[in-house]
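Accompanying notes for the structure given below.
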Amino acid sequence: MIEFSDADKARITAAIHAAEKNTSGEFVAVVARTSDHYVFLPLLWAAVAALILPGILYLVSAPLAWVHIYQIQLLLFIVLALVFLFVPEFHLHLVPRHVKHSRARRLAHAQFYEQGVHMTREHSGVLFFVSLAEHYVEIVADKGIHEKLGEAHWQGIIEAFVTDVKAGRVMDGFVAAIGTCGTAMARHYPPEPGNPEELSDGLIEI
């Protein structure tokens with residue numbers, strides 16, 4: 001799993017400071033290691049494998065007593081459950097992509113409210129969210145911002161952001177997305193005298 005150094009975190013803070021100099025918008029960067037523990041589906045796959053075992057043994061005519069089959073079933077379930085839950089190479093691959101993205105999207109929108117991005121004075125807050133395990137990126141903006149910038153503009157930023165995250169360049173993705181959004185928002189939300197620093201400028205890790 002990617003680890004972030006103090007220098008990495010300083011880059012995010014500097015990018016947010018630079019972007020906020022040119023706009024009254026407020027930017028928050030959040031990175032999650034994973035958006036869910038995903039316990040149910042790995043256990044379900046382990047249970048399915050254990051349940052079909054008697055059928056496989058019957059087909060190969062294995063001469064085992066039913067009590068021994070039950071014992072093997074239980075052992076198989078326990079072993080597979082441990083492997084599927086605690087070996088990362090198996091764990092996330094057993095979860096459908098749409099489920100992972102649904103969990104990540106839900107966490108992104110929860111963080112928008114938990115970090116107070118919706119409470120800025122000008123309703124000009126933007127959350128930049130990355131969930132590392134899912135390679136998921138979302139930019140959650142306060143009301144009206146999406147409409148002013150246009151869907152195509154947001155989609156371009158997100159696509160570049162996702163490309164960086166999948167390549168392991170998470171900090172580069174954050175910095176580029178923050179800078180691009182700051183430049184675009186400067187036209188619609190110019191800086192105002194005495195505009196307070198309302199939200200955290202540092203990278204928030206959850």
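Scheme for the structure tokens: letters A, B, ... for chains in order shown; per-chain residue numbers from 1; ligand numbers from 1 in order shown.
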
**Item:** Test item: residues at most 9 Å from Val140 in chain A, only C-alpha atoms, excluding those fewer than 3 positions along its chain, as a PyMOL selection string
**Value:** chain A and resi 108-109+112+125-129+146

Same residues, C-alpha atoms, saved as a PDB file, in the first residue's frame:
ATOM      1  CA  ALA A 108     -16.701  10.287  -0.662  1.00  0.00           C
ATOM      2  CA  HIS A 109     -20.082  11.936  -0.168  1.00  0.00           C
ATOM      3  CA  PHE A 112     -18.001  15.927   1.969  1.00  0.00           C
ATOM      4  CA  GLY A 125     -16.241  24.014  -1.382  1.00  0.00           C
ATOM      5  CA  VAL A 126     -14.735  21.149  -3.388  1.00  0.00           C
ATOM      6  CA  LEU A 127     -13.667  17.759  -2.038  1.00  0.00           C
ATOM      7  CA  PHE A 128     -10.969  15.767  -3.861  1.00  0.00           C
ATOM      8  CA  PHE A 129     -11.345  12.128  -2.824  1.00  0.00           C
ATOM      9  CA  HIS A 146     -20.671  21.635 -11.356  1.00  0.00           C
TER      10      HIS A 146
END

What are the nearest atom pairs, with distances in Å to one decimal, for all residues of range 63-169 of chain A that come at most 12 Å from range 15-30 of chain A, using only C-alpha atoms, set out by chain and rising residue number as a Markdown table?
| residue | atom | partner | partner_atom | distance |
| --- | --- | --- | --- | --- |
| A:Ala104 | CA | A:Val30 | CA | 11.9 |
| A:Leu107 | CA | A:Val30 | CA | 10.4 |
| A:Ala108 | CA | A:Val30 | CA | 8.4 |
| A:His109 | CA | A:Val30 | CA | 11.2 |
| A:Ala110 | CA | A:Val30 | CA | 11.3 |
| A:Gln111 | CA | A:Val30 | CA | 7.9 |
| A:Phe112 | CA | A:Val28 | CA | 8.8 |
| A:Tyr113 | CA | A:Val28 | CA | 11.4 |
| A:Glu114 | CA | A:Val30 | CA | 11.1 |
| A:Gln115 | CA | A:Val28 | CA | 8.1 |
| A:Gly116 | CA | A:Val28 | CA | 9.5 |
| A:Val117 | CA | A:Val28 | CA | 7.4 |
| A:His118 | CA | A:Glu26 | CA | 10.0 |
| A:Met119 | CA | A:Glu26 | CA | 10.3 |
| A:Thr120 | CA | A:Glu26 | CA | 7.5 |
| A:Arg121 | CA | A:Ser24 | CA | 9.4 |
| A:Glu122 | CA | A:Ser24 | CA | 7.7 |
| A:His123 | CA | A:Gly25 | CA | 8.2 |
| A:Ser124 | CA | A:Gly25 | CA | 4.8 |
| A:Gly125 | CA | A:Glu26 | CA | 4.6 |
| A:Val126 | CA | A:Phe27 | CA | 5.0 |
| A:Leu127 | CA | A:Val28 | CA | 4.9 |
| A:Phe128 | CA | A:Ala29 | CA | 4.8 |
| A:Phe129 | CA | A:Val30 | CA | 4.9 |
| A:Val130 | CA | A:Val30 | CA | 6.5 |
| A:Ser131 | CA | A:Val30 | CA | 8.6 |
| A:Leu132 | CA | A:Val30 | CA | 10.8 |
| A:Tyr136 | CA | A:Val30 | CA | 11.9 |
| A:Val137 | CA | A:Val30 | CA | 10.3 |
| A:Glu138 | CA | A:Val30 | CA | 10.1 |
| A:Ile139 | CA | A:Ala29 | CA | 9.5 |
| A:Val140 | CA | A:Val28 | CA | 9.9 |
| A:Ala141 | CA | A:Phe27 | CA | 9.3 |
| A:Asp142 | CA | A:Gly25 | CA | 9.9 |
| A:Ile145 | CA | A:Gly25 | CA | 9.7 |

**Prompt:** So which bits of chain A end up helix (DSSP H, G or I) when you DSSP the backbone, as an MDAnalysis selection string?
**Reply:** chainID A and resid 6:20 40:59 66:86 88:94 97:114 117:119 145:149 151:166 170:188

**Message:** Can you pull out every residue from range 134-169 of chain A that DSSP, working from the backbone, puts in strand (DSSP E), and format the result as a PyMOL selection string?
**Reply:** chain A and resi 136-141

**Residue nearest Lys9 in chain A - candidates A:Met171, A:Ile178, A:Ala160, A:Ala152, atoms counted: only C-alpha atoms** = A:Met171

**Prompt:** Looking at only C-alpha atoms, which of A:Leu44, A:Leu80, A:Ile206, A:Val170 is the one that sits closest to Asp8 in chain A?
**Reply:** A:Val170

**Asked** When distances are computed from only C-alpha atoms, which of A:Ser61, A:Glu134, A:Thr163, A:Leu199 shows the smallest separation from His98 in chain A?
**Response** A:Glu134
